[in-house]
$ cat upload29.json   # JSON, C-alpha atoms
[["chain", "number", "residue", "atom", "x", "y", "z"],
["A", 1, "HIS", "CA", -60.71, 7.87, -95.03],
["A", 2, "ARG", "CA", -58.39, 8.07, -98.02],
["A", 3, "TRP", "CA", -60.57, 10.77, -99.59],
["A", 4, "ILE", "CA", -60.48, 12.87, -96.44],
["A", 5, "HIS", "CA", -56.69, 12.61, -96.36],
["A", 6, "CYS", "CA", -56.50, 13.55, -100.05],
["A", 7, "ALA", "CA", -58.84, 16.55, -99.59],
["A", 8, "THR", "CA", -56.92, 17.71, -96.52],
["A", 9, "HIS", "CA", -53.59, 17.39, -98.30],
["A", 10, "ALA", "CA", -54.94, 19.27, -101.34],
["A", 11, "GLN", "CA", -56.00, 22.12, -99.06],
["A", 12, "VAL", "CA", -52.71, 22.16, -97.16],
["A", 13, "ASN", "CA", -50.52, 21.81, -100.26],
["A", 14, "PRO", "CA", -52.48, 23.29, -103.18],
["A", 15, "LYS", "CA", -49.44, 23.22, -105.49],
["A", 16, "HIS", "CA", -48.81, 19.49, -105.32],
["A", 17, "ALA", "CA", -50.04, 18.40, -108.76],
["A", 18, "ASN", "CA", -50.54, 14.70, -108.05],
["A", 19, "THR", "CA", -52.55, 15.41, -104.91],
["A", 20, "LEU", "CA", -54.70, 17.88, -106.79],
["A", 21, "TYR", "CA", -55.15, 15.35, -109.57],
["A", 22, "ASN", "CA", -56.22, 12.61, -107.16],
["A", 23, "TYR", "CA", -58.61, 14.98, -105.43],
["A", 24, "ALA", "CA", -60.11, 15.98, -108.79],
["A", 25, "VAL", "CA", -60.61, 12.32, -109.71],
["A", 26, "MET", "CA", -62.39, 11.74, -106.42],
["A", 27, "LEU", "CA", -64.65, 14.76, -107.02],
["A", 28, "ASP", "CA", -65.27, 13.73, -110.62],
["A", 29, "THR", "CA", -65.85, 10.00, -110.47],
["A", 30, "HIS", "CA", -66.80, 9.19, -106.89],
["A", 31, "LEU", "CA", -68.67, 12.25, -105.67],
["A", 32, "GLN", "CA", -70.01, 13.46, -109.03],
["A", 33, "ARG", "CA", -69.16, 17.07, -108.13],
["A", 34, "LYS", "CA", -68.25, 18.02, -111.70],
["A", 35, "ASP", "CA", -67.83, 21.80, -111.23],
["A", 36, "GLU", "CA", -65.37, 21.31, -108.38],
["A", 37, "ALA", "CA", -63.59, 18.55, -110.30],
["A", 38, "GLU", "CA", -63.15, 20.80, -113.33],
["A", 39, "ALA", "CA", -61.76, 23.61, -111.17],
["A", 40, "THR", "CA", -59.38, 21.20, -109.42],
["A", 41, "TYR", "CA", -58.10, 19.70, -112.69],
["A", 42, "ARG", "CA", -57.46, 23.26, -113.90],
["A", 43, "THR", "CA", -55.60, 24.11, -110.67],
["A", 44, "CYS", "CA", -53.51, 20.97, -111.10],
["A", 45, "LEU", "CA", -52.63, 22.06, -114.64],
["A", 46, "VAL", "CA", -51.55, 25.50, -113.41],
["A", 47, "SER", "CA", -49.17, 23.71, -111.08],
["A", 48, "GLU", "CA", -48.03, 21.17, -113.71],
["A", 49, "PRO", "CA", -49.16, 22.11, -117.26],
["A", 50, "LYS", "CA", -47.97, 18.78, -118.74],
["A", 51, "HIS", "CA", -49.74, 16.50, -116.26],
["A", 52, "ALA", "CA", -50.93, 13.93, -118.81],
["A", 53, "PHE", "CA", -53.62, 12.36, -116.64],
["A", 54, "ALA", "CA", -55.11, 15.71, -115.61],
["A", 55, "LEU", "CA", -55.15, 16.87, -119.24],
["A", 56, "TYR", "CA", -56.87, 13.66, -120.33],
["A", 57, "ASN", "CA", -59.42, 13.57, -117.52],
["A", 58, "LEU", "CA", -60.29, 17.24, -117.99],
["A", 59, "ALA", "CA", -60.80, 16.58, -121.71],
["A", 60, "VAL", "CA", -63.12, 13.66, -120.91],
["A", 61, "LEU", "CA", -65.05, 15.65, -118.31],
["A", 62, "LEU", "CA", -65.51, 18.62, -120.66],
["A", 63, "GLU", "CA", -66.48, 16.35, -123.55],
["A", 64, "GLU", "CA", -69.15, 14.74, -121.37],
["A", 65, "ARG", "CA", -70.39, 18.16, -120.32],
["A", 66, "LEU", "CA", -70.33, 19.45, -123.90],
["A", 67, "PHE", "CA", -72.12, 16.55, -125.55],
["A", 68, "GLY", "CA", -73.92, 15.02, -122.59],
["A", 69, "THR", "CA", -75.35, 11.56, -122.98],
["A", 70, "ALA", "CA", -78.32, 10.24, -124.91],
["A", 71, "ALA", "CA", -80.34, 10.39, -121.70],
["A", 72, "LYS", "CA", -79.09, 13.85, -120.75],
["A", 73, "PRO", "CA", -78.19, 16.02, -123.76],
["A", 74, "VAL", "CA", -76.51, 19.37, -123.20],
["A", 75, "LEU", "CA", -77.87, 22.48, -124.87],
["A", 76, "GLN", "CA", -75.43, 25.32, -125.54],
["A", 77, "GLN", "CA", -75.09, 28.25, -127.89],
["A", 78, "PRO", "CA", -73.23, 27.28, -131.12],
["A", 79, "GLN", "CA", -70.35, 29.73, -130.51],
["A", 80, "GLN", "CA", -69.88, 28.50, -126.93],
["A", 81, "GLN", "CA", -70.08, 24.90, -128.14],
["A", 82, "ASN", "CA", -67.40, 25.53, -130.80],
["A", 83, "GLN", "CA", -65.06, 27.14, -128.25],
["A", 84, "ARG", "CA", -65.54, 24.22, -125.85],
["A", 85, "ARG", "CA", -65.02, 21.70, -128.65],
["A", 86, "GLU", "CA", -61.72, 23.39, -129.57],
["A", 87, "GLU", "CA", -60.66, 23.40, -125.91],
["A", 88, "VAL", "CA", -61.41, 19.68, -125.55],
["A", 89, "CYS", "CA", -59.49, 18.94, -128.76],
["A", 90, "SER", "CA", -56.53, 20.95, -127.45],
["A", 91, "LEU", "CA", -56.61, 19.11, -124.12],
["A", 92, "TYR", "CA", -56.55, 15.69, -125.84],
["A", 93, "LYS", "CA", -53.66, 16.86, -128.04],
["A", 94, "ARG", "CA", -51.72, 18.18, -125.04],
["A", 95, "ALA", "CA", -52.34, 14.90, -123.19],
["A", 96, "VAL", "CA", -50.87, 12.99, -126.13],
["A", 97, "GLU", "CA", -47.88, 15.34, -126.23],
["A", 98, "ALA", "CA", -47.37, 14.93, -122.48],
["A", 99, "ASP", "CA", -47.37, 11.12, -122.75],
["A", 100, "PRO", "CA", -46.86, 10.08, -126.38],
["A", 101, "ARG", "CA", -46.57, 6.38, -125.43],
["A", 102, "ASP", "CA", -50.16, 6.11, -124.15],
["A", 103, "SER", "CA", -52.04, 4.38, -126.96],
["A", 104, "SER", "CA", -55.43, 4.81, -125.28],
["A", 105, "THR", "CA", -55.08, 8.58, -124.97],
["A", 106, "LEU", "CA", -53.91, 8.72, -128.58],
["A", 107, "ALA", "CA", -56.91, 6.64, -129.66],
["A", 108, "ASP", "CA", -59.33, 8.85, -127.72],
["A", 109, "TYR", "CA", -57.81, 11.89, -129.43],
["A", 110, "GLY", "CA", -58.35, 10.20, -132.81],
["A", 111, "ARG", "CA", -61.91, 9.28, -131.83],
["A", 112, "PHE", "CA", -62.62, 12.87, -130.82],
["A", 113, "LEU", "CA", -61.29, 14.17, -134.15],
["A", 114, "LEU", "CA", -63.33, 11.60, -136.04],
["A", 115, "VAL", "CA", -66.61, 11.85, -134.15],
["A", 116, "ARG", "CA", -66.72, 15.32, -132.60],
["A", 117, "MET", "CA", -64.56, 17.43, -134.94],
["A", 118, "ASP", "CA", -65.70, 15.75, -138.16],
["A", 119, "ASP", "CA", -62.11, 15.27, -139.29],
["A", 120, "PRO", "CA", -62.03, 11.69, -140.64],
["A", 121, "VAL", "CA", -58.60, 12.02, -142.28],
["A", 122, "ARG", "CA", -56.71, 13.09, -139.14],
["A", 123, "GLY", "CA", -58.90, 10.92, -136.93],
["A", 124, "ARG", "CA", -58.11, 7.82, -138.97],
["A", 125, "GLN", "CA", -54.38, 8.62, -139.07],
["A", 126, "ILE", "CA", -54.25, 8.99, -135.31],
["A", 127, "LEU", "CA", -56.33, 5.85, -134.69],
["A", 128, "GLN", "CA", -53.98, 3.90, -136.96],
["A", 129, "ALA", "CA", -50.96, 5.32, -135.14],
["A", 130, "SER", "CA", -52.51, 4.13, -131.88],
["A", 131, "LEU", "CA", -52.86, 0.62, -133.34],
["A", 132, "LYS", "CA", -49.21, 0.63, -134.40],
["A", 133, "MET", "CA", -48.33, 1.30, -130.76],
["A", 134, "ASN", "CA", -50.79, -1.23, -129.38],
["A", 135, "PRO", "CA", -52.45, -3.60, -131.90],
["A", 136, "SER", "CA", -55.09, -4.55, -129.34],
["A", 137, "CYS", "CA", -56.17, -1.00, -128.43],
["A", 138, "GLU", "CA", -59.95, -1.42, -128.19],
["A", 139, "ILE", "CA", -60.75, 2.28, -128.64],
["A", 140, "ALA", "CA", -58.86, 2.42, -131.92],
["A", 141, "LEU", "CA", -60.16, -0.93, -133.19],
["A", 142, "TYR", "CA", -63.77, -0.03, -132.43],
["A", 143, "ASN", "CA", -63.66, 3.43, -133.98],
["A", 144, "LEU", "CA", -61.85, 2.28, -137.11],
["A", 145, "ALA", "CA", -64.38, -0.53, -137.50],
["A", 146, "VAL", "CA", -67.28, 1.91, -137.17],
["A", 147, "MET", "CA", -65.62, 4.23, -139.67],
["A", 148, "LEU", "CA", -65.13, 1.43, -142.20],
["A", 149, "HIS", "CA", -68.69, 0.19, -141.67],
["A", 150, "ARG", "CA", -70.08, 3.65, -142.39],
["A", 151, "GLN", "CA", -68.11, 3.79, -145.64],
["A", 152, "GLN", "CA", -69.78, 0.61, -146.93],
["A", 153, "PRO", "CA", -72.71, 1.16, -149.29],
["A", 154, "GLU", "CA", -76.12, 0.15, -147.99],
["A", 155, "PRO", "CA", -77.25, -3.19, -149.41],
["A", 156, "ASP", "CA", -80.03, -3.07, -151.99],
["A", 157, "LEU", "CA", -82.74, -4.96, -150.11],
["A", 158, "ALA", "CA", -85.36, -4.37, -152.84],
["A", 159, "GLY", "CA", -83.17, -6.10, -155.45],
["A", 160, "ALA", "CA", -82.57, -9.09, -153.19],
["A", 161, "ALA", "CA", -86.26, -10.07, -153.04]]

$ encode --input "upload29.json" --output "structure tokens"
Amino acid sequence: HRWIHCATHAQVNPKHANTLYNYAVMLDTHLQRKDEAEATYRTCLVSEPKHAFALYNLAVLLEERLFGTAAKPVLQQPQQQNQRREEVCSLYKRAVEADPRDSSTLADYGRFLLVRMDDPVRGRQILQASLKMNPSCEIALYNLAVMLHRQQPEPDLAGAA
């Protein structure tokens, strides 16, 4: 019933950013209607360009669509993939700017820079900044640990025998 009310309100008042955001979340996470969710997040951002949650969720949705999952990889042309990657990076950055106190969004931005943009210097700086805000931020802790692990030399198993 709540979803019907949200959908009806979004249709009646298409400029109410929070209603559009909630409707997009419903489309995205509950109904798995990703195309409609993307369009609704974008409509929300036209209404309120600094809506931190809409910026973040759109970044996550586009990142999932760009990179897929191990079970469902996404195939795109390299130029299109680069444009999408830049758009996702920009959305994460704008989400951080819209709510600079959100350590999880900051950590996800750092993770994206580290993993998807191949920018370990900026990624690490941002992940560390997230930890300064929230020392128990799991996203930052995990990604910094993975980064440090990858920097360790492989053990010489032949010499150990």

$ residues_around --input "upload29.json" --residues "stretch 102-104 of chain A" --least-positions-apart "4" --cutoff "10 Å" --atoms "only C-alpha atoms" --output "VMD selection string"
chain A and resid 52 95 to 98 108 to 110 126 to 127 129 to 140

$ closest_residue --input "upload29.json" --among "A:Gln77, A:Gln128, A:Asn143, A:Asn57" --to "A:Tyr92" --atoms "only C-alpha atoms"
A:Asn57

$ closest_residue --input "upload29.json" --among "A:Phe67, A:Asn18, A:Arg116, A:Leu61" --to "A:Arg33" --atoms "only C-alpha atoms"
A:Leu61

$ residues_around --input "upload29.json" --residues "stretch 83-86 of chain A" --least-positions-apart "2" --cutoff "12 Å" --atoms "all atoms listed in the file" --output "PyMOL selection string"
chain A and resi 58-67+76-81+88-93+112-113+115-118

$ atom_distance --input "upload29.json" --atom1 "atom CA of A:Val25" --atom2 "atom CA of A:Leu106"
20.3 Å

$ atom_distance --input "upload29.json" --atom1 "atom CA of A:Leu148" --atom2 "atom CA of A:Thr105"
21.2 Å

$ atom_distance --input "upload29.json" --atom1 "atom CA of A:Pro120" --atom2 "atom CA of A:Gln151"
11.2 Å

$ axis_aligned_box --input "upload29.json" --around "stretch 22-39 of chain A" --padding-each-side "4 Å" --output "lines of an AutoDock Vina configuration file"
center_x = -63.1
center_y = 16.4
center_z = -109.4
size_x = 21.8
size_y = 22.4
size_z = 15.9

$ decode --input "upload29.json" --residues "stretch 39-80 of chain A" --atoms "N, CA and C atoms" --output "PDB file, in the first residue's frame"
ATOM      1  N   ALA A  39      15.685   6.574 -14.517  1.00  0.00           N
ATOM      2  CA  ALA A  39      14.976   7.767 -15.003  1.00  0.00           C
ATOM      3  C   ALA A  39      14.398   8.573 -13.841  1.00  0.00           C
ATOM      4  N   THR A  40      13.888   7.894 -12.823  1.00  0.00           N
ATOM      5  CA  THR A  40      13.281   8.588 -11.686  1.00  0.00           C
ATOM      6  C   THR A  40      14.342   9.259 -10.820  1.00  0.00           C
ATOM      7  N   TYR A  41      15.480   8.594 -10.602  1.00  0.00           N
ATOM      8  CA  TYR A  41      16.587   9.263  -9.889  1.00  0.00           C
ATOM      9  C   TYR A  41      16.988  10.532 -10.640  1.00  0.00           C
ATOM     10  N   ARG A  42      17.092  10.425 -11.961  1.00  0.00           N
ATOM     11  CA  ARG A  42      17.493  11.597 -12.763  1.00  0.00           C
ATOM     12  C   ARG A  42      16.453  12.716 -12.666  1.00  0.00           C
ATOM     13  N   THR A  43      15.177  12.368 -12.665  1.00  0.00           N
ATOM     14  CA  THR A  43      14.118  13.372 -12.506  1.00  0.00           C
ATOM     15  C   THR A  43      14.222  14.032 -11.136  1.00  0.00           C
ATOM     16  N   CYS A  44      14.482  13.239 -10.123  1.00  0.00           N
ATOM     17  CA  CYS A  44      14.671  13.772  -8.774  1.00  0.00           C
ATOM     18  C   CYS A  44      15.811  14.791  -8.757  1.00  0.00           C
ATOM     19  N   LEU A  45      16.899  14.456  -9.451  1.00  0.00           N
ATOM     20  CA  LEU A  45      18.071  15.344  -9.454  1.00  0.00           C
ATOM     21  C   LEU A  45      17.839  16.610 -10.275  1.00  0.00           C
ATOM     22  N   VAL A  46      16.924  16.572 -11.218  1.00  0.00           N
ATOM     23  CA  VAL A  46      16.541  17.804 -11.921  1.00  0.00           C
ATOM     24  C   VAL A  46      15.830  18.718 -10.933  1.00  0.00           C
ATOM     25  N   SER A  47      14.973  18.116 -10.115  1.00  0.00           N
ATOM     26  CA  SER A  47      14.223  18.874  -9.120  1.00  0.00           C
ATOM     27  C   SER A  47      15.121  19.379  -7.991  1.00  0.00           C
ATOM     28  N   GLU A  48      16.053  18.520  -7.549  1.00  0.00           N
ATOM     29  CA  GLU A  48      16.974  18.890  -6.460  1.00  0.00           C
ATOM     30  C   GLU A  48      18.365  18.333  -6.774  1.00  0.00           C
ATOM     31  N   PRO A  49      19.196  19.115  -7.479  1.00  0.00           N
ATOM     32  CA  PRO A  49      20.500  18.624  -7.961  1.00  0.00           C
ATOM     33  C   PRO A  49      21.474  18.177  -6.873  1.00  0.00           C
ATOM     34  N   LYS A  50      21.248  18.602  -5.626  1.00  0.00           N
ATOM     35  CA  LYS A  50      22.153  18.223  -4.531  1.00  0.00           C
ATOM     36  C   LYS A  50      21.507  17.223  -3.577  1.00  0.00           C
ATOM     37  N   HIS A  51      20.589  16.428  -4.085  1.00  0.00           N
ATOM     38  CA  HIS A  51      19.948  15.400  -3.262  1.00  0.00           C
ATOM     39  C   HIS A  51      20.970  14.279  -3.066  1.00  0.00           C
ATOM     40  N   ALA A  52      21.614  14.251  -1.912  1.00  0.00           N
ATOM     41  CA  ALA A  52      22.739  13.346  -1.664  1.00  0.00           C
ATOM     42  C   ALA A  52      22.380  11.884  -1.859  1.00  0.00           C
ATOM     43  N   PHE A  53      21.216  11.476  -1.362  1.00  0.00           N
ATOM     44  CA  PHE A  53      20.830  10.070  -1.468  1.00  0.00           C
ATOM     45  C   PHE A  53      20.554   9.671  -2.920  1.00  0.00           C
ATOM     46  N   ALA A  54      19.911  10.553  -3.670  1.00  0.00           N
ATOM     47  CA  ALA A  54      19.636  10.256  -5.083  1.00  0.00           C
ATOM     48  C   ALA A  54      20.937  10.189  -5.873  1.00  0.00           C
ATOM     49  N   LEU A  55      21.863  11.091  -5.597  1.00  0.00           N
ATOM     50  CA  LEU A  55      23.171  11.056  -6.264  1.00  0.00           C
ATOM     51  C   LEU A  55      23.882   9.743  -5.973  1.00  0.00           C
ATOM     52  N   TYR A  56      23.896   9.363  -4.700  1.00  0.00           N
ATOM     53  CA  TYR A  56      24.576   8.129  -4.301  1.00  0.00           C
ATOM     54  C   TYR A  56      23.914   6.902  -4.923  1.00  0.00           C
ATOM     55  N   ASN A  57      22.600   6.807  -4.799  1.00  0.00           N
ATOM     56  CA  ASN A  57      21.914   5.618  -5.316  1.00  0.00           C
ATOM     57  C   ASN A  57      22.020   5.517  -6.831  1.00  0.00           C
ATOM     58  N   LEU A  58      21.976   6.646  -7.528  1.00  0.00           N
ATOM     59  CA  LEU A  58      22.157   6.610  -8.977  1.00  0.00           C
ATOM     60  C   LEU A  58      23.570   6.147  -9.317  1.00  0.00           C
ATOM     61  N   ALA A  59      24.561   6.604  -8.569  1.00  0.00           N
ATOM     62  CA  ALA A  59      25.942   6.147  -8.787  1.00  0.00           C
ATOM     63  C   ALA A  59      26.041   4.637  -8.604  1.00  0.00           C
ATOM     64  N   VAL A  60      25.438   4.116  -7.547  1.00  0.00           N
ATOM     65  CA  VAL A  60      25.477   2.675  -7.283  1.00  0.00           C
ATOM     66  C   VAL A  60      24.769   1.909  -8.399  1.00  0.00           C
ATOM     67  N   LEU A  61      23.590   2.373  -8.789  1.00  0.00           N
ATOM     68  CA  LEU A  61      22.837   1.705  -9.851  1.00  0.00           C
ATOM     69  C   LEU A  61      23.642   1.680 -11.150  1.00  0.00           C
ATOM     70  N   LEU A  62      24.213   2.822 -11.529  1.00  0.00           N
ATOM     71  CA  LEU A  62      24.984   2.885 -12.778  1.00  0.00           C
ATOM     72  C   LEU A  62      26.266   2.055 -12.689  1.00  0.00           C
ATOM     73  N   GLU A  63      26.893   2.031 -11.516  1.00  0.00           N
ATOM     74  CA  GLU A  63      28.080   1.199 -11.348  1.00  0.00           C
ATOM     75  C   GLU A  63      27.719  -0.276 -11.529  1.00  0.00           C
ATOM     76  N   GLU A  64      26.616  -0.699 -10.939  1.00  0.00           N
ATOM     77  CA  GLU A  64      26.170  -2.086 -11.111  1.00  0.00           C
ATOM     78  C   GLU A  64      25.878  -2.391 -12.575  1.00  0.00           C
ATOM     79  N   ARG A  65      25.260  -1.441 -13.261  1.00  0.00           N
ATOM     80  CA  ARG A  65      24.935  -1.648 -14.669  1.00  0.00           C
ATOM     81  C   ARG A  65      26.201  -1.632 -15.530  1.00  0.00           C
ATOM     82  N   LEU A  66      27.163  -0.824 -15.145  1.00  0.00           N
ATOM     83  CA  LEU A  66      28.403  -0.709 -15.915  1.00  0.00           C
ATOM     84  C   LEU A  66      29.269  -1.942 -15.769  1.00  0.00           C
ATOM     85  N   PHE A  67      29.426  -2.400 -14.545  1.00  0.00           N
ATOM     86  CA  PHE A  67      30.352  -3.501 -14.283  1.00  0.00           C
ATOM     87  C   PHE A  67      29.651  -4.832 -14.077  1.00  0.00           C
ATOM     88  N   GLY A  68      28.342  -4.811 -13.872  1.00  0.00           N
ATOM     89  CA  GLY A  68      27.611  -6.048 -13.666  1.00  0.00           C
ATOM     90  C   GLY A  68      28.083  -6.759 -12.412  1.00  0.00           C
ATOM     91  N   THR A  69      27.859  -8.053 -12.399  1.00  0.00           N
ATOM     92  CA  THR A  69      28.327  -8.894 -11.312  1.00  0.00           C
ATOM     93  C   THR A  69      29.100 -10.042 -11.940  1.00  0.00           C
ATOM     94  N   ALA A  70      29.737 -10.832 -11.119  1.00  0.00           N
ATOM     95  CA  ALA A  70      30.496 -11.973 -11.638  1.00  0.00           C
ATOM     96  C   ALA A  70      29.575 -12.914 -12.411  1.00  0.00           C
ATOM     97  N   ALA A  71      28.337 -13.045 -11.939  1.00  0.00           N
ATOM     98  CA  ALA A  71      27.393 -13.938 -12.601  1.00  0.00           C
ATOM     99  C   ALA A  71      26.773 -13.311 -13.845  1.00  0.00           C
ATOM    100  N   LYS A  72      26.802 -11.986 -13.921  1.00  0.00           N
ATOM    101  CA  LYS A  72      26.127 -11.290 -15.010  1.00  0.00           C
ATOM    102  C   LYS A  72      26.966 -10.099 -15.471  1.00  0.00           C
ATOM    103  N   PRO A  73      28.088 -10.356 -16.167  1.00  0.00           N
ATOM    104  CA  PRO A  73      28.919  -9.238 -16.615  1.00  0.00           C
ATOM    105  C   PRO A  73      28.215  -8.404 -17.684  1.00  0.00           C
ATOM    106  N   VAL A  74      28.607  -7.146 -17.774  1.00  0.00           N
ATOM    107  CA  VAL A  74      28.024  -6.231 -18.741  1.00  0.00           C
ATOM    108  C   VAL A  74      29.055  -5.970 -19.827  1.00  0.00           C
ATOM    109  N   LEU A  75      28.628  -6.078 -21.067  1.00  0.00           N
ATOM    110  CA  LEU A  75      29.532  -5.827 -22.190  1.00  0.00           C
ATOM    111  C   LEU A  75      29.142  -4.516 -22.845  1.00  0.00           C
ATOM    112  N   GLN A  76      30.107  -3.595 -22.942  1.00  0.00           N
ATOM    113  CA  GLN A  76      29.865  -2.299 -23.562  1.00  0.00           C
ATOM    114  C   GLN A  76      31.080  -1.923 -24.393  1.00  0.00           C
ATOM    115  N   GLN A  77      30.871  -0.976 -25.295  1.00  0.00           N
ATOM    116  CA  GLN A  77      31.976  -0.431 -26.072  1.00  0.00           C
ATOM    117  C   GLN A  77      32.899   0.348 -25.134  1.00  0.00           C
ATOM    118  N   PRO A  78      34.225   0.312 -25.373  1.00  0.00           N
ATOM    119  CA  PRO A  78      35.160   1.008 -24.470  1.00  0.00           C
ATOM    120  C   PRO A  78      34.856   2.495 -24.291  1.00  0.00           C
ATOM    121  N   GLN A  79      34.501   3.197 -25.360  1.00  0.00           N
ATOM    122  CA  GLN A  79      34.225   4.636 -25.236  1.00  0.00           C
ATOM    123  C   GLN A  79      32.985   4.870 -24.371  1.00  0.00           C
ATOM    124  N   GLN A  80      31.951   4.079 -24.590  1.00  0.00           N
ATOM    125  CA  GLN A  80      30.733   4.192 -23.789  1.00  0.00           C
ATOM    126  C   GLN A  80      31.025   3.844 -22.331  1.00  0.00           C
TER     127      GLN A  80
END
